[in-house]
Every structure is written in C-alpha cells, then in structure tokens.
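Okay, my_file_17.cif is below, mmCIF, C-alpha atoms:
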data_entry
loop_
_atom_site.group_PDB
_atom_site.id
_atom_site.type_symbol
_atom_site.label_atom_id
_atom_site.label_comp_id
_atom_site.auth_asym_id
_atom_site.auth_seq_id
_atom_site.Cartn_x
_atom_site.Cartn_y
_atom_site.Cartn_z
ATOM 1 C CA MET A 76 0.000 0.000 0.000
ATOM 2 C CA LYS A 77 1.275 3.459 -0.851
ATOM 3 C CA ALA A 78 2.253 5.878 1.876
ATOM 4 C CA LYS A 79 -0.636 8.082 2.928
ATOM 5 C CA ARG A 80 0.563 11.680 3.045
ATOM 6 C CA ARG A 81 -0.977 14.406 5.131
ATOM 7 C CA ASN A 82 -1.384 17.656 3.236
ATOM 8 C CA CYS A 83 -0.295 19.902 6.064
ATOM 9 C CA ALA A 84 1.303 19.957 9.478
ATOM 10 C CA ILE A 85 0.401 22.241 12.372
ATOM 11 C CA VAL A 86 2.978 23.453 14.902
ATOM 12 C CA PHE A 87 1.539 25.596 17.695
ATOM 13 C CA ASP A 88 2.486 27.235 20.968
ATOM 14 C CA LEU A 89 0.604 28.731 23.912
ATOM 15 C CA GLU A 90 1.283 31.516 26.362
ATOM 16 C CA PHE A 91 -0.656 31.335 29.617
ATOM 17 C CA THR A 92 -0.928 33.323 32.828
ATOM 18 C CA ALA A 93 2.106 33.208 35.084
ATOM 19 C CA TRP A 94 3.563 34.902 38.133
ATOM 20 C CA PRO A 95 7.010 34.889 39.768
ATOM 21 C CA GLY A 96 7.563 31.340 40.989
ATOM 22 C CA SER A 97 4.502 29.852 39.288
ATOM 23 C CA LEU A 98 6.587 27.575 37.062
ATOM 24 C CA ALA A 99 8.538 26.186 40.025
ATOM 25 C CA ALA A 100 5.273 25.722 41.956
ATOM 26 C CA ARG A 101 3.625 24.204 38.849
ATOM 27 C CA TRP A 102 0.672 26.585 39.219
ATOM 28 C CA THR A 103 -0.430 24.930 42.477
ATOM 29 C CA ARG A 104 -0.602 28.133 44.552
ATOM 30 C CA ALA A 105 -3.992 29.538 45.434
ATOM 31 C CA GLY A 106 -5.628 31.514 42.643
ATOM 32 C CA GLU A 107 -3.049 30.610 39.974
ATOM 33 C CA TYR A 108 -4.236 28.846 36.824
ATOM 34 C CA THR A 109 -2.701 28.245 33.413
ATOM 35 C CA GLU A 110 -5.273 30.387 31.638
ATOM 36 C CA ILE A 111 -4.382 30.712 27.978
ATOM 37 C CA VAL A 112 -3.545 34.247 26.861
ATOM 38 C CA GLN A 113 -2.198 33.600 23.362
ATOM 39 C CA ILE A 114 -2.422 30.840 20.756
ATOM 40 C CA GLY A 115 0.053 30.913 17.887
ATOM 41 C CA ALA A 116 0.442 28.348 15.110
ATOM 42 C CA VAL A 117 2.031 27.777 11.748
ATOM 43 C CA LYS A 118 0.654 25.542 9.023
ATOM 44 C CA LEU A 119 3.302 23.827 6.918
ATOM 45 C CA ASP A 120 3.103 21.851 3.725
ATOM 46 C CA ALA A 121 3.738 18.417 5.237
ATOM 47 C CA GLU A 122 6.232 17.355 2.595
ATOM 48 C CA SER A 123 8.149 20.519 1.685
ATOM 49 C CA LEU A 124 7.720 22.132 5.146
ATOM 50 C CA THR A 125 7.009 25.440 3.435
ATOM 51 C CA PRO A 126 4.811 27.695 5.611
ATOM 52 C CA VAL A 127 1.386 28.080 4.028
ATOM 53 C CA ASP A 128 -0.574 29.875 6.756
ATOM 54 C CA GLU A 129 -0.335 31.286 10.285
ATOM 55 C CA PHE A 130 -2.696 31.713 13.214
ATOM 56 C CA GLU A 131 -2.459 34.057 16.194
ATOM 57 C CA MET A 132 -5.101 35.120 18.695
ATOM 58 C CA LEU A 133 -5.019 36.790 22.075
ATOM 59 C CA VAL A 134 -7.319 35.380 24.750
ATOM 60 C CA ARG A 135 -8.754 37.275 27.736
ATOM 61 C CA PRO A 136 -8.426 35.155 30.906
ATOM 62 C CA ARG A 137 -11.643 34.892 32.891
ATOM 63 C CA ILE A 138 -10.364 34.155 36.408
ATOM 64 C CA ASN A 139 -7.272 36.401 36.378
ATOM 65 C CA PRO A 140 -8.199 38.994 33.736
ATOM 66 C CA VAL A 141 -5.338 41.353 34.663
ATOM 67 C CA LEU A 142 -1.965 40.071 33.499
ATOM 68 C CA SER A 143 0.865 40.058 36.029
ATOM 69 C CA GLN A 144 3.829 42.330 35.406
ATOM 70 C CA TYR A 145 5.943 39.159 35.324
ATOM 71 C CA PHE A 146 3.889 37.859 32.382
ATOM 72 C CA VAL A 147 3.956 41.231 30.606
ATOM 73 C CA ASP A 148 7.744 41.437 30.931
ATOM 74 C CA LEU A 149 8.149 37.858 29.718
ATOM 75 C CA THR A 150 5.859 37.995 26.697
ATOM 76 C CA SER A 151 5.521 41.709 25.878
ATOM 77 C CA ILE A 152 1.747 41.183 25.822
ATOM 78 C CA THR A 153 0.347 44.160 27.712
ATOM 79 C CA ASN A 154 -3.009 44.473 29.440
ATOM 80 C CA GLU A 155 -3.883 47.272 27.010
ATOM 81 C CA ARG A 156 -3.127 45.095 23.990
ATOM 82 C CA LEU A 157 -5.104 42.237 25.513
ATOM 83 C CA GLN A 158 -8.161 44.416 26.097
ATOM 84 C CA ALA A 159 -7.971 45.803 22.564
ATOM 85 C CA ARG A 160 -7.447 42.504 20.728
ATOM 86 C CA GLY A 161 -8.331 39.697 23.116
ATOM 87 C CA VAL A 162 -11.313 37.404 22.683
ATOM 88 C CA ASP A 163 -12.934 34.843 24.955
ATOM 89 C CA PHE A 164 -11.161 31.494 25.137
ATOM 90 C CA ILE A 165 -13.914 29.532 23.438
ATOM 91 C CA VAL A 166 -13.884 31.898 20.429
ATOM 92 C CA ALA A 167 -10.122 31.495 20.048
ATOM 93 C CA TYR A 168 -10.229 27.749 20.641
ATOM 94 C CA ARG A 169 -12.934 27.138 18.032
ATOM 95 C CA ALA A 170 -10.958 29.277 15.563
ATOM 96 C CA PHE A 171 -7.844 27.194 16.292
ATOM 97 C CA LEU A 172 -9.788 23.962 15.720
ATOM 98 C CA ASP A 173 -10.959 25.329 12.365
ATOM 99 C CA PHE A 174 -7.375 26.314 11.491
ATOM 100 C CA ALA A 175 -6.005 22.878 12.424
ATOM 101 C CA GLY A 176 -8.700 20.923 10.601
ATOM 102 C CA ASP A 177 -8.009 17.198 10.752
ATOM 103 C CA SER A 178 -4.230 17.584 11.089
ATOM 104 C CA VAL A 179 -2.266 16.293 14.045
ATOM 105 C CA VAL A 180 -1.095 19.323 16.033
ATOM 106 C CA TRP A 181 2.474 19.445 17.365
ATOM 107 C CA ALA A 182 3.891 21.538 20.192
ATOM 108 C CA PHE A 183 6.871 21.665 22.519
ATOM 109 C CA GLY A 184 5.849 19.779 25.676
ATOM 110 C CA ARG A 185 2.307 19.065 26.793
ATOM 111 C CA ASP A 186 0.316 22.047 25.581
ATOM 112 C CA ASP A 187 -2.534 19.600 24.909
ATOM 113 C CA LEU A 188 -2.944 19.352 28.687
ATOM 114 C CA VAL A 189 -3.143 23.147 28.928
ATOM 115 C CA PHE A 190 -5.982 23.076 26.413
ATOM 116 C CA GLN A 191 -7.705 20.355 28.471
ATOM 117 C CA ARG A 192 -7.333 22.351 31.697
ATOM 118 C CA ASN A 193 -8.800 25.470 30.096
ATOM 119 C CA LEU A 194 -11.711 23.552 28.613
ATOM 120 C CA LYS A 195 -12.456 22.049 32.035
ATOM 121 C CA LEU A 196 -11.891 25.336 33.880
ATOM 122 C CA TYR A 197 -14.430 27.131 31.689
ATOM 123 C CA GLY A 198 -16.937 24.282 31.487
ATOM 124 C CA TRP A 199 -16.300 23.355 27.853
ATOM 125 C CA ASN A 200 -14.695 19.971 28.520
ATOM 126 C CA THR A 201 -17.006 18.212 26.070
ATOM 127 C CA LEU A 202 -15.086 19.826 23.203
ATOM 128 C CA PRO A 203 -12.268 17.696 21.778
ATOM 129 C CA VAL A 204 -8.557 18.369 21.886
ATOM 130 C CA PRO A 205 -7.141 17.754 18.405
ATOM 131 C CA PRO A 206 -4.905 14.727 17.815
ATOM 132 C CA TYR A 207 -1.679 15.805 19.492
ATOM 133 C CA ALA A 208 2.033 15.034 19.299
ATOM 134 C CA ASN A 209 4.737 16.251 21.680
ATOM 135 C CA ALA A 210 7.738 17.469 19.669
ATOM 136 C CA VAL A 211 10.269 16.916 22.468
ATOM 137 C CA PRO A 212 10.644 13.118 22.037
ATOM 138 C CA TRP A 213 11.083 13.545 18.278
ATOM 139 C CA PHE A 214 13.909 16.037 18.817
ATOM 140 C CA ALA A 215 15.469 13.746 21.450
ATOM 141 C CA ALA A 216 15.337 10.799 19.041
ATOM 142 C CA ASN A 217 17.235 12.970 16.571
ATOM 143 C CA GLY A 218 20.000 13.852 19.021
ATOM 144 C CA VAL A 219 18.710 17.174 20.345
ATOM 145 C CA ASP A 220 18.570 17.497 24.140
ATOM 146 C CA LEU A 221 15.978 20.100 25.084
ATOM 147 C CA ALA A 222 16.003 19.454 28.841
ATOM 148 C CA GLY A 223 15.456 22.723 30.674
ATOM 149 C CA LYS A 224 14.627 24.537 27.439
ATOM 150 C CA HIS A 225 11.473 26.203 26.172
ATOM 151 C CA ALA A 226 9.790 26.342 22.769
ATOM 152 C CA CYS A 227 11.565 29.621 22.078
ATOM 153 C CA ASP A 228 14.943 27.860 22.414
ATOM 154 C CA VAL A 229 14.400 25.090 19.863
ATOM 155 C CA ALA A 230 15.548 26.936 16.737
ATOM 156 C CA GLU A 231 18.795 28.123 18.277
ATOM 157 C CA VAL A 232 19.591 24.738 19.859
ATOM 158 C CA VAL A 233 19.454 23.044 16.442
ATOM 159 C CA GLY A 234 21.332 25.884 14.724
ATOM 160 C CA ALA A 235 18.373 27.525 12.979
ATOM 161 C CA GLU A 236 17.512 31.217 13.096
ATOM 162 C CA PHE A 237 14.898 32.381 15.595
ATOM 163 C CA VAL A 238 12.891 35.322 14.302
ATOM 164 C CA GLY A 239 10.603 37.392 16.494
ATOM 165 C CA HIS A 240 10.145 37.813 20.225
ATOM 166 C CA LYS A 241 10.775 34.928 22.604
ATOM 167 C CA HIS A 242 7.686 33.859 24.573
ATOM 168 C CA ASP A 243 5.414 35.119 21.826
ATOM 169 C CA ALA A 244 3.288 32.114 20.838
ATOM 170 C CA LEU A 245 3.492 32.689 17.080
ATOM 171 C CA SER A 246 7.237 33.412 17.134
ATOM 172 C CA ASP A 247 7.842 30.344 19.284
ATOM 173 C CA ALA A 248 5.730 28.139 16.975
ATOM 174 C CA ARG A 249 7.759 29.420 14.023
ATOM 175 C CA GLY A 250 10.944 28.588 15.940
ATOM 176 C CA VAL A 251 9.848 25.008 16.648
ATOM 177 C CA ALA A 252 8.854 24.626 12.979
ATOM 178 C CA ALA A 253 12.301 25.914 11.978
ATOM 179 C CA GLY A 254 13.835 23.282 14.249
ATOM 180 C CA PHE A 255 11.854 20.530 12.526
ATOM 181 C CA ARG A 256 12.772 21.857 9.093
ATOM 182 C CA THR A 257 16.479 22.113 9.911
ATOM 183 C CA LEU A 258 16.770 18.560 11.200
ATOM 184 C CA ILE A 259 14.695 17.101 8.355
ATOM 185 C CA GLU A 260 16.915 18.910 5.840
ATOM 186 C CA ARG A 261 19.874 17.224 7.554
ATOM 187 C CA GLY A 262 18.302 13.812 7.038
ATOM 188 C CA ALA A 263 15.906 13.204 9.932
ATOM 189 C CA ALA A 264 12.717 11.347 9.009
ATOM 190 C CA ASN A 265 9.792 13.685 8.384
ATOM 191 C CA PRO A 266 7.213 12.952 11.136
ATOM 192 C CA PHE A 267 4.482 14.830 9.274
ATOM 193 C CA VAL A 268 4.396 12.328 6.411
ATOM 194 C CA ALA A 269 3.123 9.068 7.878
ATOM 195 C CA ALA A 270 2.718 5.745 6.159
ATOM 196 C CA SER A 271 -0.727 4.214 6.449
ATOM 197 C CA ALA A 272 -1.170 0.773 7.951
ATOM 198 C CA PRO A 273 -0.993 -2.111 5.429
#

Structure re-expressed in structure tokens:
Amino acid sequence: MKAKRRNCAIVFDLEFTAWPGSLAARWTRAGEYTEIVQIGAVKLDAESLTPVDEFEMLVRPRINPVLSQYFVDLTSITNERLQARGVDFIVAYRAFLDFAGDSVVWAFGRDDLVFQRNLKLYGWNTLPVPPYANAVPWFAANGVDLAGKHACDVAEVVGAEFVGHKHDALSDARGVAAGFRTLIERGAANPFVAASAP
C-alpha cells in the first residue's frame, strides 16, 4: 500500500498566565491557573515544510483577567493590547480547531494538557482536543537534548535562526517549525508524512 501523506502539518504554541515562581510551583498556589492568553500556530506543507498559513489570537483570561507584570515582561503582551485585541477562550479555541482541521497538532511539551485544563476550567470539557504530538521526544530521538529549554529555544539549539520575540506564541511556533525543518533537511525522518497501515 502506498504511503498516505498528510497535506499539512500544524505546529503551535501557547502563552498562559504566570507569576514569579509559578513555574517552580507548577501553578499549584492559590488563585493561579494556566489560563491561555495567546495561541500561535504555523501551518506547513507536510512534505516541503514550506509555511502556508499562520494563526495568532489573544485570549482574555476569565479568572485572572489582569496580566501580572511578570507575564507582561516575559511575553511583551500588555493588558492594554489584551483588552484591545483579546477574545474569549472559546472563540479562540474554536478558531484554532478550524485552522487545524483534521491535522495532528504538534507543540513543545504538553500544551494539549493546557488546552484540556482550560476547557475544564471554563466548562467546555465536552469539546475535543485535536490529535496531538509532543515534539520533544522527536527532537530527542534525533539527538537534540531540550532538557530545561522552552519552545523559544528550539531553533537556536538546532542551529536555525529564531525570528521574532521569545515567549510570543506565534514566534515560538515558528521557531519550533524551523527546528523541525532544519533537522529534516539534515536527514531526519519527516514525522508529518506518515505511512498508512498495510
């Protein structure tokens, strides 16, 4: 049977509410939740890895609607920008689902769990999370150790150029996509082109 090729690949990233020490505490302190503030994604031709489309939306958190100064400094997303451009989570999430279509979505780490937590937090947990793949094991299998790194570090670790602002979801998604492209150009197997079962 011939290999079944997906038409496109989706690489995405999320930014979510944070405070000093929230990462170390794993968001277990009272009143702290990983409420999504930004969704960024790139759509690639699955075979050539050429970018064909991009997605970026700001999301207004419901429980902690005012961003911490820590988060603002980290991401450069200001409260003013969020109020001007932000939408409710469910609007952004449905738009992301439309953007992704039936493609498997890839991200650095377990951003699928962040989607699940937000869906549950806001009472939308009957909505699906798209088929998901964690990019970290793929990079590890291709000799790239990303321990202690973030999505924004992937491009530079593999020797690709990072363009944009670190901890911006769209820039970080572009950086992860650049990491994939660089390693595939060097001979790594393309994970976005999967053979169908015989």

Open item on the list: List as an NGL selection string the protein and nucleic acid residues near A:Phe91, meaning an atom at most 6 Å away when all atoms listed in the file are counted, but skip any in the same chain fewer than 3 places from it.
Closed with: :A and (109-112)

Got time to write the residues from that selection, C-alpha atoms, as a short mmCIF file (atom, residue, chain, number, x, y, z; two decimals), in the frame of the given file?
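What ended up in result37.cif:
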data_model
loop_
_atom_site.label_atom_id
_atom_site.label_comp_id
_atom_site.auth_asym_id
_atom_site.auth_seq_id
_atom_site.Cartn_x
_atom_site.Cartn_y
_atom_site.Cartn_z
CA THR A 109 -2.70 28.24 33.41
CA GLU A 110 -5.27 30.39 31.64
CA ILE A 111 -4.38 30.71 27.98
CA VAL A 112 -3.54 34.25 26.86
#

TODO: Using the chain letters and residue numbers of this document, give as a ChimeraX atom specification the residues selected by the PyMOL selection byres ((chain A and resi 139-152) around 10).
DONE: /A:90-96,106-110,112-113,133-138,153-158,240-244

Identify, on the basis of all atoms listed in the file, every residue whose closest approach to A:Gly250 does not exceed 8 Å; exclude the query and any residue fewer than 3 positions from it along the same chain; express the result as a PDB file with C-alpha atoms, keeping the file's coordinate frame.
ATOM      1  CA  ALA A 226       9.790  26.342  22.769  1.00  0.00           C
ATOM      2  CA  CYS A 227      11.565  29.621  22.078  1.00  0.00           C
ATOM      3  CA  ASP A 228      14.943  27.860  22.414  1.00  0.00           C
ATOM      4  CA  VAL A 229      14.400  25.090  19.863  1.00  0.00           C
ATOM      5  CA  ALA A 230      15.548  26.936  16.737  1.00  0.00           C
ATOM      6  CA  GLU A 236      17.512  31.217  13.096  1.00  0.00           C
ATOM      7  CA  PHE A 237      14.898  32.381  15.595  1.00  0.00           C
ATOM      8  CA  VAL A 238      12.891  35.322  14.302  1.00  0.00           C
ATOM      9  CA  SER A 246       7.237  33.412  17.134  1.00  0.00           C
ATOM     10  CA  ASP A 247       7.842  30.344  19.284  1.00  0.00           C
ATOM     11  CA  ALA A 253      12.301  25.914  11.978  1.00  0.00           C
ATOM     12  CA  GLY A 254      13.835  23.282  14.249  1.00  0.00           C
TER      13      GLY A 254
END

TODO: Return as a ChimeraX atom specification the set of residues that the PyMOL selection byres ((chain A and resi 124) around 12) yields on the displayed structure.
DONE: /A:81-86,117-123,125-128,249,252-260,265-268

Task: Point-to-point distance in Å for atom CA of A:Pro206 and atom CA of A:Ala222 - done: 24.1 Å

TODO: Could you please determine the separation between atom CA of A:Leu202 and atom CA of A:Arg169 in Å, to one decimal place?
DONE: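 Taking atom CA of A:Leu202 as the start and atom CA of A:Arg169 as the end point, the length is 9.2 Å.
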
Task: Residue members of the PyMOL selection byres ((chain A and resi 186-191) around 12) in the file shown, as number ranges by chain - done: A: 86-92, 102, 108-115, 164-165, 167-169, 171-172, 179-185, 192-211, 225-226, 244, 248

Open item on the list: Which residue is closest to A:Ala116? Choose from A:Val233, A:Ala159, A:Ala264, A:Leu245 and count all atoms listed in the file.
Closed with: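 Looking only at the distances to A:Ala116, the closest residue turns out to be A:Leu245.
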
TODO: Take atom CA of A:Thr103 and atom CA of A:Gly223 and report the distance between them in Å, one decimal.
DONE: 19.9 Å
